[in-house]
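Participant: Provided herewith is a single structure, encoded as structure tokens, for subsequent inquiry.
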Amino acid sequence: NTVLINLTNDCSSETVSYTIDYDGCQPPTINVVGLANEAVVNSASANLTATITNSNGAANIQVLLNGQVQSINFDDATNTLTSALVLNEGINVIVITVNGCETITQSLNVTYEVPCQPISYSLMQPNNPTQTVVESAYAVSLSIQEIANPQQVTVTLNGTSVPFSLDVASHILSIDSLTLVDGANSIVVTATNDCSTETITYNVQYNGCQPPVI
């Protein structure tokens, strides 16, 4: 393109010429909707939607999730990109790349936090928290859900911490080799996670003295 400017006064005339090269490039644009950068979500399923212009078709668009290529749908009539993503727990990096006459990239960081479920439990042995026994040796087992590690559990016998075992795979909590004192005994199991606390109390009466039977 050539632009000429003619300048004239009473004693002179000048012409200024500009030559402008226009390559016709309209760079792509990316506008993500419905999913914000640094968003925190509680579902692994995320629907990515973006309006993309000047892409010249789906073949020039790529979506990566944590470095892996994702399948996409692109509507040329509405310039709308959609992609169904499955997030990993923690931080996920989404990168949209459009190769038009220029290459444009937009990145999003989305954190998936697994929603907390409240603790639930069921008694196994004994299946009733109130008991009367005539032996000092005692054991307890119960099934407890939504606990990830033993550090989330405490067990006491008459106010003193006692050892226990937790099988995370089967959710079975076992308290073995308890030694009861004569009379009333209190066994307290406390379990805590990020959104709940449960306290299970066993009241066990140990009658150590048994009268003779003839």
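In the structure tokens, the first chain shown is A, the next is B, and so on; residue numbers restart at 1 for each chain, and ligands run from 1 in the order shown.
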Applying 7 Å and only C-alpha atoms, which residues near A:Asn99 remain after dropping the ones on its own chain fewer than 4 positions away? List them as a list in words.

Facilitator: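 The residues that qualify are Ser55, Asn60, Ile61, Thr103 and Ile104 of chain A.
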
Participant: I want to know what sits within 9 Å of A:Asn193, based on only C-alpha atoms, with residues of the same chain fewer than 5 positions away left out; could you give that as a PDB file with C-alpha atoms, in the first residue's frame?

Facilitator:
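This is the output file around.pdb:
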ATOM      1  CA  CYS A 116     -15.059 -34.192  52.303  1.00  0.00           C
ATOM      2  CA  GLN A 117     -17.507 -36.878  53.417  1.00  0.00           C
ATOM      3  CA  PRO A 118     -18.590 -37.056  57.072  1.00  0.00           C
ATOM      4  CA  ILE A 119     -17.404 -39.999  59.123  1.00  0.00           C
ATOM      5  CA  GLU A 146     -13.946 -41.718  55.639  1.00  0.00           C
ATOM      6  CA  ILE A 147     -10.728 -42.069  57.636  1.00  0.00           C
ATOM      7  CA  ALA A 148      -7.499 -42.054  55.632  1.00  0.00           C
ATOM      8  CA  GLN A 152      -7.079 -39.292  62.608  1.00  0.00           C
TER       9      GLN A 152
END

Participant: Quote the spacing between atom CA of A:Thr192 and atom CA of A:Ser43 in Å to one decimal place.

Facilitator: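 Computing it gives 22.9 Å between the two atoms.
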
Participant: If we count only C-alpha atoms, what is near A:Asn185 at a cut-off of 9 Å, once residues fewer than 6 positions away on the same chain are taken out, given as an mmCIF file with N, CA, C and O atoms, in the first residue's frame?

Facilitator:
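What follows is the written file result33.cif:
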data_model
loop_
_atom_site.group_PDB
_atom_site.id
_atom_site.type_symbol
_atom_site.label_atom_id
_atom_site.label_comp_id
_atom_site.auth_asym_id
_atom_site.auth_seq_id
_atom_site.Cartn_x
_atom_site.Cartn_y
_atom_site.Cartn_z
ATOM 1 N N LEU A 157 -8.802 -45.798 77.227
ATOM 2 C CA LEU A 157 -9.465 -46.669 78.198
ATOM 3 C C LEU A 157 -9.364 -45.985 79.548
ATOM 4 O O LEU A 157 -8.263 -45.757 80.063
ATOM 5 N N ASN A 158 -10.496 -45.583 80.071
ATOM 6 C CA ASN A 158 -10.552 -44.861 81.347
ATOM 7 C C ASN A 158 -9.645 -43.628 81.341
ATOM 8 O O ASN A 158 -8.950 -43.335 82.311
ATOM 9 N N TYR A 202 -17.872 -46.793 74.650
ATOM 10 C CA TYR A 202 -18.308 -48.093 75.166
ATOM 11 C C TYR A 202 -18.274 -48.032 76.691
ATOM 12 O O TYR A 202 -17.246 -47.660 77.276
ATOM 13 N N ASN A 203 -19.373 -48.403 77.317
ATOM 14 C CA ASN A 203 -19.430 -48.499 78.769
ATOM 15 C C ASN A 203 -19.461 -49.985 79.144
ATOM 16 O O ASN A 203 -20.443 -50.689 78.866
ATOM 17 N N VAL A 204 -18.361 -50.428 79.740
ATOM 18 C CA VAL A 204 -18.198 -51.849 80.032
ATOM 19 C C VAL A 204 -18.077 -52.034 81.542
ATOM 20 O O VAL A 204 -17.150 -51.489 82.173
ATOM 21 N N GLN A 205 -18.969 -52.786 82.085
ATOM 22 C CA GLN A 205 -18.939 -53.104 83.521
ATOM 23 C C GLN A 205 -18.233 -54.442 83.704
ATOM 24 O O GLN A 205 -18.671 -55.468 83.183
ATOM 25 N N TYR A 206 -17.117 -54.389 84.422
ATOM 26 C CA TYR A 206 -16.369 -55.626 84.700
ATOM 27 C C TYR A 206 -16.606 -56.035 86.155
ATOM 28 O O TYR A 206 -16.210 -55.316 87.080
#

Participant: So, counting only C-alpha atoms, which residue among A:Cys101, A:Thr82, A:Glu89, A:Leu178 is closest to A:Cys25?

Facilitator: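 Once distances to A:Cys25 are computed over only C-alpha atoms, the minimum belongs to A:Cys101.
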
Participant: At a cut-off of 10 Å, using only C-alpha atoms, what residues contact A:Val98? Leave out same-chain residues fewer than 5 positions from it and give the result as a list in words.

Facilitator: Pro27, Pro28, Thr29, Ile30, Ile52, Thr53, Asn54, Ser55, Asn56, Gly57, Ala58, Ala59, Asn60, Ile61, Gln62, Val63, Thr103, Ile104, Thr105 and Gln106 of chain A

Participant: Could you write out, as a VMD selection string, all the residues of stretch 24-191 of chain A that DSSP marks as strand (DSSP E)?

Facilitator: chain A and resid 29 to 33 39 to 41 45 to 53 61 to 65 68 to 69 73 to 75 80 to 86 90 to 99 103 to 112 120 to 125 130 to 133 137 to 145 153 to 157 160 to 161 165 to 167 172 to 179 183 to 191

Participant: Taking only C-alpha atoms into account, name the residue in A:Ala184, A:Cys11, A:Leu48, A:Val86 that is nearest to A:Phe74.

Facilitator: A:Leu48

Participant: Just checking: using only C-alpha atoms, which residue out of A:Gly100, A:Pro126, A:Gly159, A:Gly208 ends up closest to A:Ser174?

Facilitator: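 Checking each candidate against A:Ser174, we get A:Pro126 as the closest.
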
Participant: Separation of atom CA of A:Ser161 and atom CA of A:Gly183, in Å?

Facilitator: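 Between atom CA of A:Ser161 and atom CA of A:Gly183 the gap works out to 19.0 Å.
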
Participant: Quick one: pull the distance between atom CA of A:Ile144 and atom CA of A:Ala191, Å, one decimal.

Facilitator: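 These two atoms are separated by 8.6 Å.
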
Participant: If we count only C-alpha atoms and set the cut-off at 9 Å, which residues sit around stretch 65-69 of chain A, ignoring sequence neighbours fewer than 5 positions away in its own chain? Please answer as a list in words.

Facilitator: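 The residues satisfying every condition are Leu85, Val86, Leu87, Asn88, Asn92, Val93, Ile94 and Val95 of chain A.
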